[in-house]
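File shown: target33.cif. Contents: mmCIF, N, CA, C and O atoms.
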```cif
data_query
#
loop_
_atom_site.label_atom_id
_atom_site.label_comp_id
_atom_site.auth_asym_id
_atom_site.auth_seq_id
_atom_site.Cartn_x
_atom_site.Cartn_y
_atom_site.Cartn_z
N MET A 521 16.74 -30.75 21.43
CA MET A 521 16.29 -29.37 21.28
C MET A 521 14.77 -29.31 21.36
O MET A 521 14.07 -30.02 20.65
N ALA A 522 14.26 -28.47 22.22
CA ALA A 522 12.81 -28.32 22.36
C ALA A 522 12.24 -27.59 21.15
O ALA A 522 12.86 -26.68 20.61
N THR A 523 11.06 -28.02 20.75
CA THR A 523 10.39 -27.37 19.63
C THR A 523 9.13 -26.67 20.13
O THR A 523 8.56 -27.05 21.15
N VAL A 524 8.73 -25.67 19.41
CA VAL A 524 7.56 -24.88 19.78
C VAL A 524 6.33 -25.36 19.03
O VAL A 524 5.23 -25.37 19.57
N PHE A 525 6.52 -25.80 17.78
CA PHE A 525 5.41 -26.17 16.90
C PHE A 525 5.33 -27.68 16.71
O PHE A 525 6.31 -28.39 16.94
N PRO A 526 4.18 -28.17 16.23
CA PRO A 526 4.10 -29.59 15.87
C PRO A 526 5.17 -29.91 14.82
O PRO A 526 5.54 -29.04 14.01
N PRO A 527 5.68 -31.14 14.79
CA PRO A 527 6.77 -31.50 13.88
C PRO A 527 6.49 -31.19 12.41
O PRO A 527 7.41 -30.83 11.67
N GLU A 528 5.24 -31.31 11.99
CA GLU A 528 4.88 -31.04 10.60
C GLU A 528 5.14 -29.59 10.19
O GLU A 528 5.19 -29.27 9.00
N PHE A 529 5.32 -28.72 11.17
CA PHE A 529 5.49 -27.30 10.90
C PHE A 529 6.84 -26.79 11.42
O PHE A 529 6.97 -25.64 11.84
N ALA A 530 7.83 -27.66 11.36
CA ALA A 530 9.18 -27.34 11.84
C ALA A 530 9.77 -26.13 11.12
O ALA A 530 10.60 -25.42 11.70
N ALA A 531 9.35 -25.84 9.91
CA ALA A 531 9.87 -24.68 9.18
C ALA A 531 9.58 -23.37 9.91
O ALA A 531 10.28 -22.37 9.69
N LEU A 532 8.59 -23.38 10.79
CA LEU A 532 8.24 -22.17 11.54
C LEU A 532 9.12 -21.95 12.77
O LEU A 532 9.07 -20.87 13.38
N GLU A 533 9.91 -22.93 13.15
CA GLU A 533 10.71 -22.82 14.38
C GLU A 533 11.54 -21.54 14.47
O GLU A 533 11.60 -20.93 15.54
N PRO A 534 12.17 -21.07 13.38
CA PRO A 534 12.93 -19.81 13.50
C PRO A 534 12.04 -18.60 13.82
O PRO A 534 12.55 -17.54 14.17
N PHE A 535 10.73 -18.78 13.70
CA PHE A 535 9.80 -17.69 13.93
C PHE A 535 8.93 -17.93 15.17
O PHE A 535 7.84 -17.39 15.29
N ALA A 536 9.44 -18.71 16.10
CA ALA A 536 8.69 -19.05 17.32
C ALA A 536 8.29 -17.80 18.10
O ALA A 536 7.26 -17.80 18.78
N ASP A 537 9.06 -16.73 17.98
CA ASP A 537 8.72 -15.50 18.70
C ASP A 537 7.47 -14.81 18.15
O ASP A 537 6.96 -13.86 18.74
N TRP A 538 6.95 -15.30 17.03
CA TRP A 538 5.68 -14.77 16.49
C TRP A 538 4.48 -15.47 17.11
O TRP A 538 3.34 -15.02 16.94
N ALA A 539 4.67 -16.56 17.79
CA ALA A 539 3.58 -17.33 18.40
C ALA A 539 3.21 -16.71 19.74
O ALA A 539 3.50 -17.26 20.79
N VAL A 540 2.58 -15.56 19.69
CA VAL A 540 2.18 -14.85 20.90
C VAL A 540 0.67 -14.87 21.06
O VAL A 540 -0.07 -14.86 20.08
N ALA A 541 0.23 -14.88 22.29
CA ALA A 541 -1.17 -15.20 22.61
C ALA A 541 -2.18 -14.10 22.31
O ALA A 541 -3.34 -14.39 22.09
N THR A 542 -1.77 -12.85 22.32
CA THR A 542 -2.77 -11.79 22.22
C THR A 542 -2.61 -10.95 20.96
O THR A 542 -1.50 -10.79 20.43
N GLU A 543 -3.72 -10.40 20.52
CA GLU A 543 -3.71 -9.53 19.35
C GLU A 543 -2.84 -8.30 19.58
O GLU A 543 -2.09 -7.87 18.70
N LYS A 544 -2.94 -7.75 20.78
CA LYS A 544 -2.14 -6.56 21.12
C LYS A 544 -0.64 -6.86 21.01
O LYS A 544 0.14 -6.07 20.48
N ALA A 545 -0.23 -8.02 21.50
CA ALA A 545 1.19 -8.40 21.43
C ALA A 545 1.62 -8.67 19.99
O ALA A 545 2.74 -8.33 19.60
N ARG A 546 0.74 -9.27 19.21
CA ARG A 546 1.06 -9.50 17.80
C ARG A 546 1.20 -8.19 17.05
O ARG A 546 2.10 -8.01 16.22
N TYR A 547 0.32 -7.24 17.33
CA TYR A 547 0.39 -5.93 16.70
C TYR A 547 1.68 -5.21 17.09
O TYR A 547 2.38 -4.65 16.24
N ALA A 548 2.02 -5.27 18.37
CA ALA A 548 3.26 -4.64 18.84
C ALA A 548 4.48 -5.29 18.17
O ALA A 548 5.43 -4.60 17.80
N LYS A 549 4.44 -6.60 18.00
CA LYS A 549 5.54 -7.31 17.33
C LYS A 549 5.66 -6.83 15.89
O LYS A 549 6.76 -6.61 15.39
N ARG A 550 4.52 -6.69 15.20
CA ARG A 550 4.54 -6.21 13.82
C ARG A 550 5.13 -4.81 13.74
O ARG A 550 6.02 -4.54 12.94
N ILE A 551 4.64 -3.91 14.59
CA ILE A 551 5.11 -2.52 14.57
C ILE A 551 6.60 -2.42 14.90
O ILE A 551 7.30 -1.59 14.36
N GLY A 552 7.08 -3.32 15.76
CA GLY A 552 8.48 -3.30 16.16
C GLY A 552 9.41 -4.07 15.25
O GLY A 552 10.61 -4.17 15.52
N SER A 553 8.88 -4.59 14.16
CA SER A 553 9.68 -5.40 13.23
C SER A 553 10.03 -4.61 11.98
O SER A 553 9.34 -3.66 11.61
N THR A 554 11.10 -5.03 11.33
CA THR A 554 11.47 -4.45 10.05
C THR A 554 10.71 -5.16 8.93
O THR A 554 10.18 -6.26 9.13
N MET A 555 10.69 -4.57 7.76
CA MET A 555 10.05 -5.24 6.62
C MET A 555 10.78 -6.52 6.26
O MET A 555 10.14 -7.50 5.87
N ASP A 556 12.08 -6.56 6.42
CA ASP A 556 12.81 -7.81 6.16
C ASP A 556 12.34 -8.92 7.10
O ASP A 556 12.16 -10.07 6.68
N GLU A 557 12.12 -8.58 8.37
CA GLU A 557 11.63 -9.57 9.33
C GLU A 557 10.20 -10.00 9.00
O GLU A 557 9.87 -11.19 9.07
N LEU A 558 9.35 -9.04 8.65
CA LEU A 558 7.97 -9.38 8.27
C LEU A 558 7.95 -10.25 7.02
O LEU A 558 7.21 -11.24 6.96
N ASP A 559 8.74 -9.89 6.03
CA ASP A 559 8.81 -10.69 4.79
C ASP A 559 9.28 -12.11 5.06
O ASP A 559 8.70 -13.07 4.52
N ALA A 560 10.29 -12.27 5.89
CA ALA A 560 10.82 -13.60 6.19
C ALA A 560 9.76 -14.47 6.86
O ALA A 560 9.56 -15.64 6.48
N PHE A 561 9.06 -13.92 7.86
CA PHE A 561 8.01 -14.66 8.53
C PHE A 561 6.88 -14.99 7.55
O PHE A 561 6.44 -16.13 7.44
N TYR A 562 6.41 -14.00 6.83
CA TYR A 562 5.30 -14.18 5.88
C TYR A 562 5.66 -15.24 4.83
O TYR A 562 4.86 -16.13 4.53
N ASN A 563 6.85 -15.12 4.26
CA ASN A 563 7.26 -16.04 3.18
C ASN A 563 7.43 -17.47 3.65
O ASN A 563 7.33 -18.40 2.84
N THR A 564 7.65 -17.67 4.92
CA THR A 564 7.72 -19.03 5.48
C THR A 564 6.34 -19.52 5.90
O THR A 564 5.96 -20.65 5.61
N ALA A 565 5.56 -18.67 6.58
CA ALA A 565 4.27 -19.09 7.13
C ALA A 565 3.17 -19.20 6.09
O ALA A 565 2.35 -20.13 6.15
N PHE A 566 3.12 -18.28 5.15
CA PHE A 566 2.00 -18.27 4.21
C PHE A 566 1.86 -19.57 3.42
O PHE A 566 0.76 -20.10 3.29
N PRO A 567 2.95 -20.15 2.90
CA PRO A 567 2.81 -21.41 2.17
C PRO A 567 2.31 -22.57 3.05
O PRO A 567 1.82 -23.58 2.54
N LEU A 568 2.42 -22.44 4.37
CA LEU A 568 1.98 -23.48 5.30
C LEU A 568 0.54 -23.28 5.77
O LEU A 568 -0.02 -24.14 6.46
N LEU A 569 -0.06 -22.17 5.40
CA LEU A 569 -1.38 -21.81 5.92
C LEU A 569 -2.46 -22.82 5.58
O LEU A 569 -3.24 -23.21 6.45
N LYS A 570 -2.51 -23.28 4.35
CA LYS A 570 -3.56 -24.23 3.96
C LYS A 570 -3.44 -25.53 4.76
O LYS A 570 -4.43 -26.01 5.35
N ASP A 571 -2.24 -26.11 4.81
CA ASP A 571 -2.04 -27.34 5.58
C ASP A 571 -2.25 -27.08 7.07
O ASP A 571 -2.80 -27.93 7.77
N GLY A 572 -1.83 -25.93 7.54
CA GLY A 572 -2.01 -25.59 8.94
C GLY A 572 -3.48 -25.45 9.31
O GLY A 572 -3.90 -25.90 10.39
N THR A 573 -4.25 -24.88 8.42
CA THR A 573 -5.69 -24.75 8.67
C THR A 573 -6.34 -26.13 8.75
O THR A 573 -7.14 -26.39 9.67
N GLU A 574 -6.01 -27.00 7.83
CA GLU A 574 -6.56 -28.37 7.85
C GLU A 574 -6.13 -29.10 9.12
O GLU A 574 -6.92 -29.79 9.74
N TYR A 575 -4.88 -28.95 9.48
CA TYR A 575 -4.36 -29.58 10.70
C TYR A 575 -5.14 -29.09 11.93
O TYR A 575 -5.59 -29.88 12.75
N LEU A 576 -5.31 -27.77 12.04
CA LEU A 576 -5.96 -27.21 13.22
C LEU A 576 -7.46 -27.51 13.28
O LEU A 576 -8.04 -27.55 14.36
N LYS A 577 -8.08 -27.75 12.13
CA LYS A 577 -9.50 -28.14 12.13
C LYS A 577 -9.73 -29.44 12.89
O LYS A 577 -10.80 -29.65 13.44
N ALA A 578 -8.72 -30.29 12.92
CA ALA A 578 -8.83 -31.58 13.59
C ALA A 578 -8.45 -31.52 15.07
O ALA A 578 -8.55 -32.53 15.77
N VAL A 579 -8.05 -30.37 15.54
CA VAL A 579 -7.60 -30.21 16.93
C VAL A 579 -8.78 -29.76 17.80
O VAL A 579 -9.50 -28.83 17.45
N SER A 580 -8.95 -30.42 18.93
CA SER A 580 -9.98 -30.02 19.89
C SER A 580 -9.49 -28.80 20.66
O SER A 580 -8.40 -28.82 21.25
N MET A 581 -10.27 -27.75 20.65
CA MET A 581 -9.90 -26.55 21.39
C MET A 581 -10.06 -26.75 22.90
O MET A 581 -9.51 -26.01 23.69
N ASP A 582 -10.79 -27.79 23.29
CA ASP A 582 -10.98 -28.06 24.72
C ASP A 582 -9.71 -28.55 25.40
O ASP A 582 -9.48 -28.26 26.57
N ASP A 583 -8.89 -29.29 24.66
CA ASP A 583 -7.66 -29.82 25.25
C ASP A 583 -6.47 -29.62 24.30
O ASP A 583 -5.64 -30.49 24.12
N ILE A 584 -6.39 -28.43 23.72
CA ILE A 584 -5.35 -28.11 22.74
C ILE A 584 -3.97 -28.17 23.41
O ILE A 584 -3.78 -27.69 24.53
N SER A 585 -3.03 -28.79 22.73
CA SER A 585 -1.66 -28.90 23.25
C SER A 585 -0.92 -27.57 23.07
O SER A 585 -1.33 -26.71 22.29
N GLU A 586 0.17 -27.42 23.78
CA GLU A 586 0.98 -26.20 23.65
C GLU A 586 1.51 -26.02 22.23
O GLU A 586 1.42 -24.92 21.68
N PRO A 587 2.07 -27.06 21.58
CA PRO A 587 2.53 -26.88 20.20
C PRO A 587 1.40 -26.46 19.25
O PRO A 587 1.59 -25.60 18.39
N ASP A 588 0.22 -27.05 19.43
CA ASP A 588 -0.91 -26.68 18.57
C ASP A 588 -1.36 -25.25 18.85
O ASP A 588 -1.71 -24.50 17.93
N LYS A 589 -1.34 -24.86 20.10
CA LYS A 589 -1.69 -23.49 20.47
C LYS A 589 -0.70 -22.50 19.84
O LYS A 589 -1.10 -21.47 19.30
N HIS A 590 0.57 -22.84 19.87
CA HIS A 590 1.58 -21.97 19.27
C HIS A 590 1.39 -21.88 17.76
O HIS A 590 1.59 -20.81 17.17
N LEU A 591 1.00 -22.97 17.13
CA LEU A 591 0.74 -22.95 15.70
C LEU A 591 -0.44 -22.02 15.40
O LEU A 591 -0.37 -21.20 14.47
N LEU A 592 -1.50 -22.13 16.16
CA LEU A 592 -2.66 -21.26 16.00
C LEU A 592 -2.25 -19.79 16.15
O LEU A 592 -2.61 -18.94 15.33
N TRP A 593 -1.49 -19.49 17.17
CA TRP A 593 -1.06 -18.11 17.40
C TRP A 593 -0.15 -17.61 16.28
O TRP A 593 -0.23 -16.44 15.89
N ALA A 594 0.70 -18.47 15.74
CA ALA A 594 1.57 -18.06 14.63
C ALA A 594 0.74 -17.71 13.41
O ALA A 594 1.04 -16.73 12.70
N PHE A 595 -0.31 -18.48 13.15
CA PHE A 595 -1.16 -18.15 12.01
C PHE A 595 -2.00 -16.90 12.27
O PHE A 595 -2.30 -16.15 11.35
N CYS A 596 -2.34 -16.64 13.52
CA CYS A 596 -2.98 -15.36 13.86
C CYS A 596 -2.00 -14.22 13.58
O CYS A 596 -2.39 -13.16 13.07
N ALA A 597 -0.73 -14.42 13.89
CA ALA A 597 0.29 -13.41 13.60
C ALA A 597 0.44 -13.20 12.10
O ALA A 597 0.66 -12.08 11.64
N LEU A 598 0.32 -14.27 11.34
CA LEU A 598 0.38 -14.15 9.88
C LEU A 598 -0.71 -13.21 9.38
O LEU A 598 -0.46 -12.36 8.52
N VAL A 599 -1.91 -13.34 9.92
CA VAL A 599 -3.00 -12.43 9.56
C VAL A 599 -2.63 -11.00 9.93
O VAL A 599 -2.87 -10.06 9.16
N THR A 600 -2.00 -10.82 11.06
CA THR A 600 -1.60 -9.49 11.53
C THR A 600 -0.58 -8.84 10.61
O THR A 600 -0.61 -7.62 10.42
N VAL A 601 0.31 -9.61 10.02
CA VAL A 601 1.35 -9.03 9.17
C VAL A 601 0.98 -9.00 7.69
O VAL A 601 1.65 -8.32 6.90
N ALA A 602 -0.07 -9.68 7.29
CA ALA A 602 -0.38 -9.84 5.86
C ALA A 602 -0.51 -8.51 5.12
O ALA A 602 0.09 -8.33 4.05
N PHE A 603 -1.29 -7.58 5.63
CA PHE A 603 -1.47 -6.31 4.92
C PHE A 603 -0.17 -5.52 4.85
O PHE A 603 0.10 -4.87 3.84
N SER A 604 0.63 -5.60 5.90
CA SER A 604 1.93 -4.91 5.87
C SER A 604 2.80 -5.43 4.73
O SER A 604 3.48 -4.66 4.06
N VAL A 605 2.75 -6.73 4.51
CA VAL A 605 3.57 -7.34 3.46
C VAL A 605 2.93 -7.19 2.09
O VAL A 605 3.58 -6.81 1.12
N GLU A 606 1.65 -7.50 2.01
CA GLU A 606 0.98 -7.55 0.71
C GLU A 606 0.60 -6.19 0.14
O GLU A 606 0.56 -6.02 -1.08
N ALA A 607 0.29 -5.23 0.99
CA ALA A 607 -0.24 -3.96 0.49
C ALA A 607 0.60 -2.74 0.86
O ALA A 607 0.96 -1.96 -0.01
N TRP A 608 0.90 -2.58 2.13
CA TRP A 608 1.49 -1.33 2.58
C TRP A 608 3.00 -1.26 2.43
O TRP A 608 3.56 -0.17 2.34
N ARG A 609 3.66 -2.42 2.50
CA ARG A 609 5.12 -2.50 2.44
C ARG A 609 5.77 -1.68 3.56
O ARG A 609 6.85 -1.11 3.40
N GLN A 610 5.11 -1.66 4.70
CA GLN A 610 5.65 -1.04 5.92
C GLN A 610 4.89 -1.63 7.11
O GLN A 610 3.75 -2.05 6.96
N PRO A 611 5.53 -1.69 8.28
CA PRO A 611 4.88 -2.29 9.45
C PRO A 611 3.64 -1.54 9.94
O PRO A 611 2.69 -2.15 10.40
N LYS A 612 3.65 -0.22 9.82
CA LYS A 612 2.51 0.58 10.31
C LYS A 612 1.50 0.79 9.20
O LYS A 612 1.83 0.77 8.02
N VAL A 613 0.27 1.06 9.60
CA VAL A 613 -0.77 1.41 8.63
C VAL A 613 -0.46 2.80 8.11
O VAL A 613 -0.25 3.73 8.91
N PRO A 614 -0.39 2.97 6.80
CA PRO A 614 -0.05 4.30 6.25
C PRO A 614 -1.02 5.39 6.72
O PRO A 614 -2.22 5.16 6.87
N ASP A 615 -0.47 6.56 6.96
CA ASP A 615 -1.24 7.77 7.27
C ASP A 615 -2.12 7.65 8.51
O ASP A 615 -3.20 8.23 8.57
N THR A 616 -1.67 6.89 9.51
CA THR A 616 -2.47 6.76 10.73
C THR A 616 -1.84 7.44 11.92
O THR A 616 -2.41 7.42 13.01
N GLY A 617 -0.68 8.02 11.75
CA GLY A 617 -0.04 8.73 12.85
C GLY A 617 0.17 7.85 14.06
O GLY A 617 0.71 6.76 13.96
N ALA A 618 -0.32 8.29 15.20
CA ALA A 618 -0.12 7.56 16.45
C ALA A 618 -1.28 6.63 16.78
O ALA A 618 -1.42 6.18 17.91
N ALA A 619 -2.14 6.33 15.80
CA ALA A 619 -3.28 5.45 16.05
C ALA A 619 -2.79 4.06 16.49
O ALA A 619 -1.70 3.63 16.13
N SER A 620 -3.60 3.39 17.30
CA SER A 620 -3.27 2.05 17.74
C SER A 620 -4.51 1.18 17.74
O SER A 620 -5.62 1.69 17.56
N ILE A 621 -4.32 -0.10 17.96
CA ILE A 621 -5.44 -1.04 18.01
C ILE A 621 -5.47 -1.69 19.39
O ILE A 621 -4.43 -2.06 19.92
N ASP A 622 -6.64 -1.76 19.96
CA ASP A 622 -6.79 -2.39 21.27
C ASP A 622 -7.98 -3.33 21.21
O ASP A 622 -9.12 -2.89 21.02
N ALA A 623 -7.72 -4.61 21.39
CA ALA A 623 -8.78 -5.61 21.44
C ALA A 623 -9.45 -5.55 22.80
O ALA A 623 -8.78 -5.55 23.82
N VAL A 624 -10.75 -5.49 22.81
CA VAL A 624 -11.48 -5.44 24.06
C VAL A 624 -11.57 -6.85 24.65
O VAL A 624 -11.44 -7.05 25.85
N PHE A 625 -11.78 -7.83 23.80
CA PHE A 625 -11.86 -9.23 24.22
C PHE A 625 -10.85 -10.03 23.41
O PHE A 625 -10.67 -9.79 22.23
N GLU A 626 -10.21 -10.97 24.05
CA GLU A 626 -9.28 -11.88 23.39
C GLU A 626 -9.92 -13.26 23.33
O GLU A 626 -10.66 -13.64 24.24
N PRO A 627 -9.59 -14.05 22.31
CA PRO A 627 -10.08 -15.43 22.27
C PRO A 627 -9.59 -16.21 23.49
O PRO A 627 -8.55 -15.89 24.07
N ALA A 628 -10.30 -17.24 23.85
CA ALA A 628 -9.98 -18.00 25.05
C ALA A 628 -8.75 -18.90 24.87
O ALA A 628 -8.18 -19.36 25.84
N VAL A 629 -8.33 -19.15 23.66
CA VAL A 629 -7.21 -20.07 23.41
C VAL A 629 -5.92 -19.31 23.46
O VAL A 629 -5.73 -18.30 22.91
#
```

Target encoding structure tokens, full file:
Amino acid sequence: MATVFPPEFAALEPFADWAVATEKARYAKRIGSTMDELDAFYNTAFPLLKDGTEYLKAVSMDDISEPDKHLLWAFCALVTVAFSVEAWRQPKVPDTGAASIDAVFEPAV
């Protein structure tokens, strides 16, 4: 069975669909998800964040592997869902109507 993440982060495999490359796609994924889905991802990824950060500090961005890139993107997605889980308890930002977010520049990784 092919894996998306480095072996040390196998617990994230059920959430491989959160490892998306762009902020816009991560935001769309958050908005299109239920709170149960956000909670499940957050509750699995957040406890891995400290070890994941240390792991990624040792990775060269010049020749980053696909599994490492997916891990980085998953943790970027964790940042995207954190306020929804921790504060708002809903996928959308409260009282924003049809507002959206558009990144002008995306990171190179």

Step by step, work through what the PyMOL selection byres (((chain A and resi 558 and name CA) around 10) and name CA) selects in the shown file, and finish by giving those residues as a list in words.
->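 Applied to this file, the PyMOL selection byres (((chain A and resi 558 and name CA) around 10) and name CA) returns Lys549, Arg550, Ile551, Gly552, Ser553, Thr554, Met555, Asp556, Glu557, Asp559, Ala560, Phe561, Tyr562, Asn563, Leu598, Val601, Ala602, Ser604, Val605, Arg609, Gln610 and Pro611 of chain A.
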
Write to file, as a PDB file, in the frame of the given file, the residues of the selection just made, with N, CA, C and O atoms.
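Final file, part.pdb:
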```pdb
ATOM      1  N   LYS A 549       4.440  -6.600  18.000  1.00  0.00           N
ATOM      2  CA  LYS A 549       5.540  -7.310  17.330  1.00  0.00           C
ATOM      3  C   LYS A 549       5.660  -6.830  15.890  1.00  0.00           C
ATOM      4  O   LYS A 549       6.760  -6.610  15.390  1.00  0.00           O
ATOM      5  N   ARG A 550       4.520  -6.690  15.200  1.00  0.00           N
ATOM      6  CA  ARG A 550       4.540  -6.210  13.820  1.00  0.00           C
ATOM      7  C   ARG A 550       5.130  -4.810  13.740  1.00  0.00           C
ATOM      8  O   ARG A 550       6.020  -4.540  12.940  1.00  0.00           O
ATOM      9  N   ILE A 551       4.640  -3.910  14.590  1.00  0.00           N
ATOM     10  CA  ILE A 551       5.110  -2.520  14.570  1.00  0.00           C
ATOM     11  C   ILE A 551       6.600  -2.420  14.900  1.00  0.00           C
ATOM     12  O   ILE A 551       7.300  -1.590  14.360  1.00  0.00           O
ATOM     13  N   GLY A 552       7.080  -3.320  15.760  1.00  0.00           N
ATOM     14  CA  GLY A 552       8.480  -3.300  16.160  1.00  0.00           C
ATOM     15  C   GLY A 552       9.410  -4.070  15.250  1.00  0.00           C
ATOM     16  O   GLY A 552      10.610  -4.170  15.520  1.00  0.00           O
ATOM     17  N   SER A 553       8.880  -4.590  14.160  1.00  0.00           N
ATOM     18  CA  SER A 553       9.680  -5.400  13.230  1.00  0.00           C
ATOM     19  C   SER A 553      10.030  -4.610  11.980  1.00  0.00           C
ATOM     20  O   SER A 553       9.340  -3.660  11.610  1.00  0.00           O
ATOM     21  N   THR A 554      11.100  -5.030  11.330  1.00  0.00           N
ATOM     22  CA  THR A 554      11.470  -4.450  10.050  1.00  0.00           C
ATOM     23  C   THR A 554      10.710  -5.160   8.930  1.00  0.00           C
ATOM     24  O   THR A 554      10.180  -6.260   9.130  1.00  0.00           O
ATOM     25  N   MET A 555      10.690  -4.570   7.760  1.00  0.00           N
ATOM     26  CA  MET A 555      10.050  -5.240   6.620  1.00  0.00           C
ATOM     27  C   MET A 555      10.780  -6.520   6.260  1.00  0.00           C
ATOM     28  O   MET A 555      10.140  -7.500   5.870  1.00  0.00           O
ATOM     29  N   ASP A 556      12.080  -6.560   6.420  1.00  0.00           N
ATOM     30  CA  ASP A 556      12.810  -7.810   6.160  1.00  0.00           C
ATOM     31  C   ASP A 556      12.340  -8.920   7.100  1.00  0.00           C
ATOM     32  O   ASP A 556      12.160 -10.070   6.680  1.00  0.00           O
ATOM     33  N   GLU A 557      12.120  -8.580   8.370  1.00  0.00           N
ATOM     34  CA  GLU A 557      11.630  -9.570   9.330  1.00  0.00           C
ATOM     35  C   GLU A 557      10.200 -10.000   9.000  1.00  0.00           C
ATOM     36  O   GLU A 557       9.870 -11.190   9.070  1.00  0.00           O
ATOM     37  N   ASP A 559       8.740  -9.890   6.030  1.00  0.00           N
ATOM     38  CA  ASP A 559       8.810 -10.690   4.790  1.00  0.00           C
ATOM     39  C   ASP A 559       9.280 -12.110   5.060  1.00  0.00           C
ATOM     40  O   ASP A 559       8.700 -13.070   4.520  1.00  0.00           O
ATOM     41  N   ALA A 560      10.290 -12.270   5.890  1.00  0.00           N
ATOM     42  CA  ALA A 560      10.820 -13.600   6.190  1.00  0.00           C
ATOM     43  C   ALA A 560       9.760 -14.470   6.860  1.00  0.00           C
ATOM     44  O   ALA A 560       9.560 -15.640   6.480  1.00  0.00           O
ATOM     45  N   PHE A 561       9.060 -13.920   7.860  1.00  0.00           N
ATOM     46  CA  PHE A 561       8.010 -14.660   8.530  1.00  0.00           C
ATOM     47  C   PHE A 561       6.880 -14.990   7.550  1.00  0.00           C
ATOM     48  O   PHE A 561       6.440 -16.130   7.440  1.00  0.00           O
ATOM     49  N   TYR A 562       6.410 -14.000   6.830  1.00  0.00           N
ATOM     50  CA  TYR A 562       5.300 -14.180   5.880  1.00  0.00           C
ATOM     51  C   TYR A 562       5.660 -15.240   4.830  1.00  0.00           C
ATOM     52  O   TYR A 562       4.860 -16.130   4.530  1.00  0.00           O
ATOM     53  N   ASN A 563       6.850 -15.120   4.260  1.00  0.00           N
ATOM     54  CA  ASN A 563       7.260 -16.040   3.180  1.00  0.00           C
ATOM     55  C   ASN A 563       7.430 -17.470   3.650  1.00  0.00           C
ATOM     56  O   ASN A 563       7.330 -18.400   2.840  1.00  0.00           O
ATOM     57  N   LEU A 598       0.320 -14.270  11.340  1.00  0.00           N
ATOM     58  CA  LEU A 598       0.380 -14.150   9.880  1.00  0.00           C
ATOM     59  C   LEU A 598      -0.710 -13.210   9.380  1.00  0.00           C
ATOM     60  O   LEU A 598      -0.460 -12.360   8.520  1.00  0.00           O
ATOM     61  N   VAL A 601       0.310  -9.610  10.020  1.00  0.00           N
ATOM     62  CA  VAL A 601       1.350  -9.030   9.170  1.00  0.00           C
ATOM     63  C   VAL A 601       0.980  -9.000   7.690  1.00  0.00           C
ATOM     64  O   VAL A 601       1.650  -8.320   6.900  1.00  0.00           O
ATOM     65  N   ALA A 602      -0.070  -9.680   7.290  1.00  0.00           N
ATOM     66  CA  ALA A 602      -0.380  -9.840   5.860  1.00  0.00           C
ATOM     67  C   ALA A 602      -0.510  -8.510   5.120  1.00  0.00           C
ATOM     68  O   ALA A 602       0.090  -8.330   4.050  1.00  0.00           O
ATOM     69  N   SER A 604       0.630  -5.600   5.900  1.00  0.00           N
ATOM     70  CA  SER A 604       1.930  -4.910   5.870  1.00  0.00           C
ATOM     71  C   SER A 604       2.800  -5.430   4.730  1.00  0.00           C
ATOM     72  O   SER A 604       3.480  -4.660   4.060  1.00  0.00           O
ATOM     73  N   VAL A 605       2.750  -6.730   4.510  1.00  0.00           N
ATOM     74  CA  VAL A 605       3.570  -7.340   3.460  1.00  0.00           C
ATOM     75  C   VAL A 605       2.930  -7.190   2.090  1.00  0.00           C
ATOM     76  O   VAL A 605       3.580  -6.810   1.120  1.00  0.00           O
ATOM     77  N   ARG A 609       3.660  -2.420   2.500  1.00  0.00           N
ATOM     78  CA  ARG A 609       5.120  -2.500   2.440  1.00  0.00           C
ATOM     79  C   ARG A 609       5.770  -1.680   3.560  1.00  0.00           C
ATOM     80  O   ARG A 609       6.850  -1.110   3.400  1.00  0.00           O
ATOM     81  N   GLN A 610       5.110  -1.660   4.700  1.00  0.00           N
ATOM     82  CA  GLN A 610       5.650  -1.040   5.920  1.00  0.00           C
ATOM     83  C   GLN A 610       4.890  -1.630   7.110  1.00  0.00           C
ATOM     84  O   GLN A 610       3.750  -2.050   6.960  1.00  0.00           O
ATOM     85  N   PRO A 611       5.530  -1.690   8.280  1.00  0.00           N
ATOM     86  CA  PRO A 611       4.880  -2.290   9.450  1.00  0.00           C
ATOM     87  C   PRO A 611       3.640  -1.540   9.940  1.00  0.00           C
ATOM     88  O   PRO A 611       2.690  -2.150  10.400  1.00  0.00           O
TER      89      PRO A 611
END
```

Min atom-atom distance to A:Leu569 from the set A:Ser585, A:Leu532, A:Val613, A:Phe595, counting only N, CA, C and O atoms, belongs to A:Phe595

All residues 7 Å or closer to A:Val540, all atoms listed in the file, same chain fewer than 5 positions away omitted, as a compact mmCIF listing (two decimals) with N, CA, C and O atoms, in the frame of the given file:
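The resulting file, around.txt, is shown below:
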```txt
# COMPACT_ATOMS: atom_id res chain seq x y z
N ALA A 545 -0.23 -8.02 21.50
CA ALA A 545 1.19 -8.40 21.43
C ALA A 545 1.62 -8.67 19.99
O ALA A 545 2.74 -8.33 19.60
N ARG A 546 0.74 -9.27 19.21
CA ARG A 546 1.06 -9.50 17.80
C ARG A 546 1.20 -8.19 17.05
O ARG A 546 2.10 -8.01 16.22
N LYS A 589 -1.34 -24.86 20.10
CA LYS A 589 -1.69 -23.49 20.47
C LYS A 589 -0.70 -22.50 19.84
O LYS A 589 -1.10 -21.47 19.30
N HIS A 590 0.57 -22.84 19.87
CA HIS A 590 1.58 -21.97 19.27
C HIS A 590 1.39 -21.88 17.76
O HIS A 590 1.59 -20.81 17.17
N LEU A 592 -1.50 -22.13 16.16
CA LEU A 592 -2.66 -21.26 16.00
C LEU A 592 -2.25 -19.79 16.15
O LEU A 592 -2.61 -18.94 15.33
N TRP A 593 -1.49 -19.49 17.17
CA TRP A 593 -1.06 -18.11 17.40
C TRP A 593 -0.15 -17.61 16.28
O TRP A 593 -0.23 -16.44 15.89
N ALA A 594 0.70 -18.47 15.74
CA ALA A 594 1.57 -18.06 14.63
C ALA A 594 0.74 -17.71 13.41
O ALA A 594 1.04 -16.73 12.70
N CYS A 596 -2.34 -16.64 13.52
CA CYS A 596 -2.98 -15.36 13.86
C CYS A 596 -2.00 -14.22 13.58
O CYS A 596 -2.39 -13.16 13.07
N ALA A 597 -0.73 -14.42 13.89
CA ALA A 597 0.29 -13.41 13.60
C ALA A 597 0.44 -13.20 12.10
O ALA A 597 0.66 -12.08 11.64
```
